[in-house]
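S.K.: Next comes the structure file my_file_9.txt, holding compact mmCIF, C-alpha atoms and all ligand atoms.
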```txt
# COMPACT_ATOMS: atom_id res chain seq x y z
CA MET F 1 99.26 46.06 13.46
CA ASN F 2 95.92 47.40 12.32
CA LEU F 3 96.53 51.08 11.65
CA ILE F 4 93.42 51.65 9.59
CA ASN F 5 90.08 50.62 10.97
CA LEU F 6 87.75 50.70 8.01
CA GLU F 7 84.68 50.23 10.18
CA THR F 8 85.29 53.45 12.08
CA PRO F 9 86.95 55.88 9.67
CA TYR F 10 86.03 58.85 11.91
CA GLY F 11 89.33 58.61 13.77
CA LEU F 12 91.39 59.27 10.65
CA ARG F 13 92.94 62.71 10.28
CA ASP F 14 90.12 65.31 10.35
CA ALA F 15 87.29 62.86 9.50
CA THR F 16 85.45 63.60 12.77
CA TYR F 17 85.73 67.36 12.21
CA GLN F 18 84.35 66.94 8.67
CA ALA F 19 81.55 64.64 9.87
CA VAL F 20 80.44 67.12 12.54
CA GLY F 21 80.10 69.80 9.84
CA LYS F 22 83.34 71.71 10.49
CA GLU F 23 83.12 74.90 12.57
CA PRO F 24 79.43 75.70 11.82
CA GLY F 25 78.41 72.13 12.76
CA LEU F 26 80.50 72.24 15.90
CA ILE F 27 79.01 75.57 17.00
CA LYS F 28 75.51 74.10 16.54
CA LEU F 29 76.43 70.94 18.44
CA VAL F 30 77.87 72.87 21.38
CA ASP F 31 74.83 75.18 21.42
CA HIS F 32 72.49 72.19 21.58
CA PHE F 33 74.74 70.63 24.24
CA TYR F 34 74.57 73.64 26.58
CA ASP F 35 70.87 74.19 25.82
CA ALA F 36 70.29 70.59 26.95
CA MET F 37 72.37 71.27 30.08
CA GLU F 38 70.18 74.28 30.89
CA ARG F 39 66.96 72.35 30.31
CA LEU F 40 67.40 68.77 31.56
CA PRO F 41 66.64 68.08 35.23
CA GLN F 42 69.39 65.42 35.35
CA ALA F 43 71.92 68.10 34.34
CA GLU F 44 70.88 70.62 37.01
CA LYS F 45 73.87 69.84 39.25
CA ILE F 46 76.49 70.19 36.49
CA ARG F 47 74.77 73.33 35.17
CA ALA F 48 75.18 74.85 38.62
CA MET F 49 78.95 74.14 38.49
CA HIS F 50 79.23 76.57 35.56
CA ARG F 51 79.11 80.34 35.66
CA GLN F 52 75.75 81.99 35.08
CA ASP F 53 76.75 83.17 31.59
CA LEU F 54 77.51 80.10 29.47
CA THR F 55 78.87 82.16 26.54
CA PRO F 56 82.56 81.63 27.42
CA SER F 57 81.92 77.92 28.04
CA ARG F 58 80.29 77.59 24.63
CA GLN F 59 83.20 79.35 22.92
CA LYS F 60 85.85 77.36 24.79
CA LEU F 61 84.21 73.99 24.16
CA VAL F 62 83.93 74.75 20.42
CA ALA F 63 87.59 75.80 20.37
CA PHE F 64 88.70 72.68 22.27
CA LEU F 65 86.63 70.17 20.31
CA SER F 66 87.81 71.66 17.00
CA GLY F 67 91.38 70.47 17.62
CA TRP F 68 90.24 67.32 19.43
CA MET F 69 88.28 66.32 16.33
CA GLY F 70 91.30 66.82 14.07
CA GLY F 71 90.36 70.30 12.87
CA PRO F 72 92.09 73.64 13.57
CA VAL F 73 93.68 73.78 17.02
CA LEU F 74 91.62 76.81 18.05
CA TYR F 75 91.86 76.44 21.82
CA ALA F 76 95.66 76.70 21.86
CA GLU F 77 95.55 79.60 19.38
CA ARG F 78 93.00 81.57 21.38
CA TYR F 79 93.61 80.67 25.01
CA GLY F 80 96.94 78.81 25.20
CA HIS F 81 97.74 75.25 26.23
CA ILE F 82 95.13 73.23 28.15
CA ASN F 83 95.31 70.00 30.09
CA ILE F 84 91.64 68.99 30.18
CA PRO F 85 91.65 66.87 33.37
CA GLN F 86 93.72 69.51 35.23
CA ALA F 87 91.37 72.26 34.04
CA HIS F 88 88.55 70.46 35.88
CA ALA F 89 90.51 69.31 38.94
CA HIS F 90 89.17 72.14 41.15
CA ILE F 91 85.62 70.84 40.64
CA LEU F 92 84.43 67.64 42.33
CA ILE F 93 83.08 65.45 39.52
CA ASP F 94 81.58 62.02 40.21
CA GLU F 95 80.19 59.30 37.93
CA ALA F 96 76.72 60.81 37.87
CA ASP F 97 78.19 64.20 36.84
CA ARG F 98 80.25 62.53 34.11
CA ASP F 99 77.17 60.71 32.84
CA ALA F 100 75.04 63.87 32.97
CA TRP F 101 77.66 65.67 30.83
CA LEU F 102 77.77 62.79 28.32
CA GLY F 103 73.96 62.61 28.41
CA CYS F 104 73.69 66.25 27.30
CA MET F 105 76.03 65.48 24.42
CA LEU F 106 73.97 62.46 23.39
CA VAL F 107 70.78 64.55 23.39
CA ALA F 108 72.49 67.23 21.28
CA LEU F 109 73.83 64.71 18.75
CA LYS F 110 70.41 63.09 18.40
CA GLU F 111 68.63 66.43 18.01
CA LEU F 112 70.94 67.25 15.11
CA ASP F 113 70.26 63.94 13.34
CA TYR F 114 73.83 62.75 12.97
CA PRO F 115 74.24 59.18 11.63
CA ALA F 116 73.95 56.51 14.34
CA ASP F 117 77.49 55.20 13.75
CA PHE F 118 78.92 58.70 14.16
CA ILE F 119 76.97 59.23 17.39
CA GLU F 120 78.21 55.90 18.73
CA TYR F 121 81.81 56.66 17.77
CA LEU F 122 81.78 60.14 19.27
CA MET F 123 80.17 59.01 22.51
CA GLN F 124 82.81 56.29 22.91
CA GLN F 125 85.60 58.77 22.26
CA LEU F 126 84.16 61.42 24.60
CA PHE F 127 83.84 58.88 27.40
CA ARG F 128 87.66 58.81 27.60
CA PRO F 129 88.31 62.46 28.55
CA ALA F 130 85.11 62.53 30.65
CA GLU F 131 86.25 59.51 32.67
CA ARG F 132 89.79 60.87 32.96
CA ILE F 133 88.35 64.17 34.24
CA ARG F 134 86.39 62.25 36.89
CA GLN F 135 89.43 60.23 37.98
CA VAL F 136 91.72 63.26 38.27
CA SER F 137 89.00 65.25 40.04
CA GLN F 138 88.36 62.49 42.57
CA ALA F 139 92.11 62.03 43.20
CA ALA F 140 92.59 65.78 43.67
CA HIS F 141 89.74 65.96 46.19
CA LEU F 142 90.92 62.89 48.12
CA ALA F 143 94.41 64.30 48.52
C1 LIG F 201 82.92 64.92 33.04
C2 LIG F 201 81.98 65.85 33.15
C3 LIG F 201 82.28 67.32 32.99
C4 LIG F 201 81.85 68.31 33.81
C5 LIG F 201 80.97 68.16 35.04
C6 LIG F 201 82.41 69.56 33.32
C7 LIG F 201 82.24 70.80 33.90
C8 LIG F 201 82.92 71.95 33.55
C9 LIG F 201 82.87 73.19 34.28
C10 LIG F 201 82.04 73.45 35.55
C11 LIG F 201 83.68 74.07 33.65
C12 LIG F 201 83.97 75.54 34.06
C13 LIG F 201 82.95 76.44 33.40
C14 LIG F 201 82.95 77.84 33.99
O1 LIG F 201 84.01 78.34 34.39
O2 LIG F 201 81.86 78.43 34.04
C15 LIG F 201 84.23 73.39 32.49
C16 LIG F 201 85.09 73.95 31.56
C17 LIG F 201 85.52 73.32 30.42
N1 LIG F 201 85.24 72.04 30.03
FE1 LIG F 201 84.21 70.67 31.11
N2 LIG F 201 83.13 69.30 32.18
C18 LIG F 201 83.08 67.95 31.95
C19 LIG F 201 83.64 67.28 30.87
C20 LIG F 201 84.30 67.88 29.83
C21 LIG F 201 84.81 67.19 28.67
C22 LIG F 201 84.66 65.67 28.42
C23 LIG F 201 85.42 68.13 27.89
C24 LIG F 201 86.11 67.99 26.57
C25 LIG F 201 86.02 66.91 25.79
C26 LIG F 201 85.29 69.41 28.56
C27 LIG F 201 85.79 70.62 28.11
C28 LIG F 201 85.83 71.79 28.82
C29 LIG F 201 86.54 72.99 28.40
C30 LIG F 201 87.36 73.16 27.12
C31 LIG F 201 86.34 73.95 29.40
C32 LIG F 201 86.92 75.36 29.45
C33 LIG F 201 88.20 75.28 30.26
C34 LIG F 201 88.89 76.62 30.47
O3 LIG F 201 89.26 77.27 29.49
O4 LIG F 201 89.06 77.00 31.63
N3 LIG F 201 84.61 69.22 29.73
N4 LIG F 201 83.76 72.10 32.46
```
Show the structure stored in the file as structure tokens.
M.R.:
Amino acid sequence: MNLINLETPYGLRDATYQAVGKEPGLIKLVDHFYDAMERLPQAEKIRAMHRQDLTPSRQKLVAFLSGWMGGPVLYAERYGHINIPQAHAHILIDEADRDAWLGCMLVALKELDYPADFIEYLMQQLFRPAERIRQVSQAAHLA
């Protein structure tokens, strides 16, 4: 069994959290992410799903990603337990919405000049919850 993948060390312990620049880096990333969502025409539909004031969304995404990246589990500390797909199940999210969300993240990562291998790793990892969110959303709205 290959427990340590030397080509992608970002998955080990808090390596992703360190690589993003800990909490200050994460705050910057999430700011660029929501700024992209407010600006990009292809993100107009998903922007409209959010409340007018994106401040709580910014704070909650920072808190969630902190733990998700192996850093402090801020979301649970501040807001309690979250099941990410269930938290989105009331919204109808299709493939284009998923890709628009991931697209905003890619723009943000590129704007902040992270190394290409880190961007690739993070995008692959984020695809998982994004796709799971889409699946659970679609199932909830079919039911
Ligand atoms: C797949 C595409 C996605 C769409 C369209 C989407 C959209 C949304 C919307 C509309 C909200 C509610 C915001 C509000 O109340 O104003 C939300 C909340 C949230 N989203 Fe997403 N999201 C997506 C993917 C993700 C992913 C991949 C993550 C994490 C890796 C994430 C993390 C969160 C968090 C932590 C919240 C706050 C939940 C809460 O405390 O209620 N989202 N999202």
S.K.: Hey, what's within 10 Å of Gln86 in chain F if we count all atoms listed in the file and toss same-chain stuff fewer than 5 positions away? As a VMD selection string, please?
M.R.: chain F and resid 91 132 to 133 136 to 137 140
S.K.: Show me which residues sit within 6 Å of ligand LIG 201 (chain F) when counting all atoms listed in the file, and put them as a ChimeraX atom specification.
M.R.: /F:46,49-51,57,60-61,64,87,93,97-98,101,126,129-130,133-134
S.K.: Can you write just those residues out, C-alpha atoms, as a compact mmCIF listing (two decimals), in the coordinates of the input?
M.R.:
```txt
# COMPACT_ATOMS: atom_id res chain seq x y z
CA ILE F 46 76.49 70.19 36.49
CA MET F 49 78.95 74.14 38.49
CA HIS F 50 79.23 76.57 35.56
CA ARG F 51 79.11 80.34 35.66
CA SER F 57 81.92 77.92 28.04
CA LYS F 60 85.85 77.36 24.79
CA LEU F 61 84.21 73.99 24.16
CA PHE F 64 88.70 72.68 22.27
CA ALA F 87 91.37 72.26 34.04
CA ILE F 93 83.08 65.45 39.52
CA ASP F 97 78.19 64.20 36.84
CA ARG F 98 80.25 62.53 34.11
CA TRP F 101 77.66 65.67 30.83
CA LEU F 126 84.16 61.42 24.60
CA PRO F 129 88.31 62.46 28.55
CA ALA F 130 85.11 62.53 30.65
CA ILE F 133 88.35 64.17 34.24
CA ARG F 134 86.39 62.25 36.89
```
S.K.: If I take CA of Leu122 in chain F and CA of Val73 in chain F, how far is one from the other in Å, to one decimal?
M.R.: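 So the two atoms, CA of Leu122 in chain F and CA of Val73 in chain F, lie 18.2 Å apart.
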S.K.: Please determine, counting all atoms listed in the file, which residue among F:Gln125, F:Pro24, F:Leu29, F:Gly11 has the shortest atom-to-atom distance to Leu112 in chain F.
M.R.: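 Among the listed residues, F:Leu29 lies closest to Leu112 in chain F.
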S.K.: Give me, as a Markdown table, the closest atom pair and its distance (Å, one decimal) for every residue of range 53-123 of chain F within a cut-off of 12 Å of range 36-45 of chain F, counting only C-alpha atoms, rows sorted by chain and rising number.
M.R.:
```
| residue | atom | partner | partner_atom | distance |
| --- | --- | --- | --- | --- |
| F:Asp53 | CA | F:Glu38 | CA | 11.1 |
| F:Leu54 | CA | F:Glu38 | CA | 9.5 |
| F:Ser57 | CA | F:Met37 | CA | 11.8 |
| F:Arg58 | CA | F:Met37 | CA | 11.5 |
| F:Ile91 | CA | F:Lys45 | CA | 11.9 |
| F:Leu92 | CA | F:Lys45 | CA | 11.2 |
| F:Ile93 | CA | F:Lys45 | CA | 10.2 |
| F:Asp94 | CA | F:Lys45 | CA | 11.0 |
| F:Ala96 | CA | F:Gln42 | CA | 9.0 |
| F:Asp97 | CA | F:Lys45 | CA | 7.5 |
| F:Arg98 | CA | F:Ala43 | CA | 10.0 |
| F:Asp99 | CA | F:Ala43 | CA | 9.2 |
| F:Ala100 | CA | F:Ala43 | CA | 5.4 |
| F:Trp101 | CA | F:Ala43 | CA | 7.2 |
| F:Leu102 | CA | F:Ala43 | CA | 9.9 |
| F:Gly103 | CA | F:Ala43 | CA | 8.3 |
| F:Cys104 | CA | F:Ala36 | CA | 5.5 |
| F:Met105 | CA | F:Ala36 | CA | 8.1 |
| F:Leu106 | CA | F:Ala36 | CA | 9.6 |
| F:Val107 | CA | F:Ala36 | CA | 7.0 |
| F:Ala108 | CA | F:Ala36 | CA | 6.9 |
| F:Leu109 | CA | F:Ala36 | CA | 10.7 |
| F:Lys110 | CA | F:Ala36 | CA | 11.4 |
| F:Glu111 | CA | F:Ala36 | CA | 10.0 |
```
S.K.: Tell me, in Å to one decimal, how far CA of Glu23 in chain F is from CA of Met69 in chain F.
M.R.: 10.7 Å
S.K.: Find the residues around Arg13 in chain F up to 10 Å (only C-alpha atoms counted), leave out those fewer than 4 positions away in its own chain, and share them as a PyMOL selection string.
M.R.: chain F and resi 9+17-18+69-71
S.K.: If you measure from CA of Ile82 in chain F to CA of Gln138 in chain F, what distance in Å do you get, rounded to one decimal?
M.R.: 19.2 Å
S.K.: With distances taken over all atoms listed in the file, which residue among F:His81, F:Lys28, F:Arg47, F:His88 lies nearest Ala139 in chain F?
M.R.: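 Of F:His81, F:Lys28, F:Arg47, F:His88, the one nearest Ala139 in chain F is F:His88, counting all atoms listed in the file.
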S.K.: Go through F:Leu26, F:Tyr10, F:Pro56, F:Glu95 one by one, measure the shortest atom-to-atom distance of each to Gln124 in chain F using all atoms listed in the file, and give the residue with the smallest value.
M.R.: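 Looking only at the distances to Gln124 in chain F, the closest residue turns out to be F:Tyr10.
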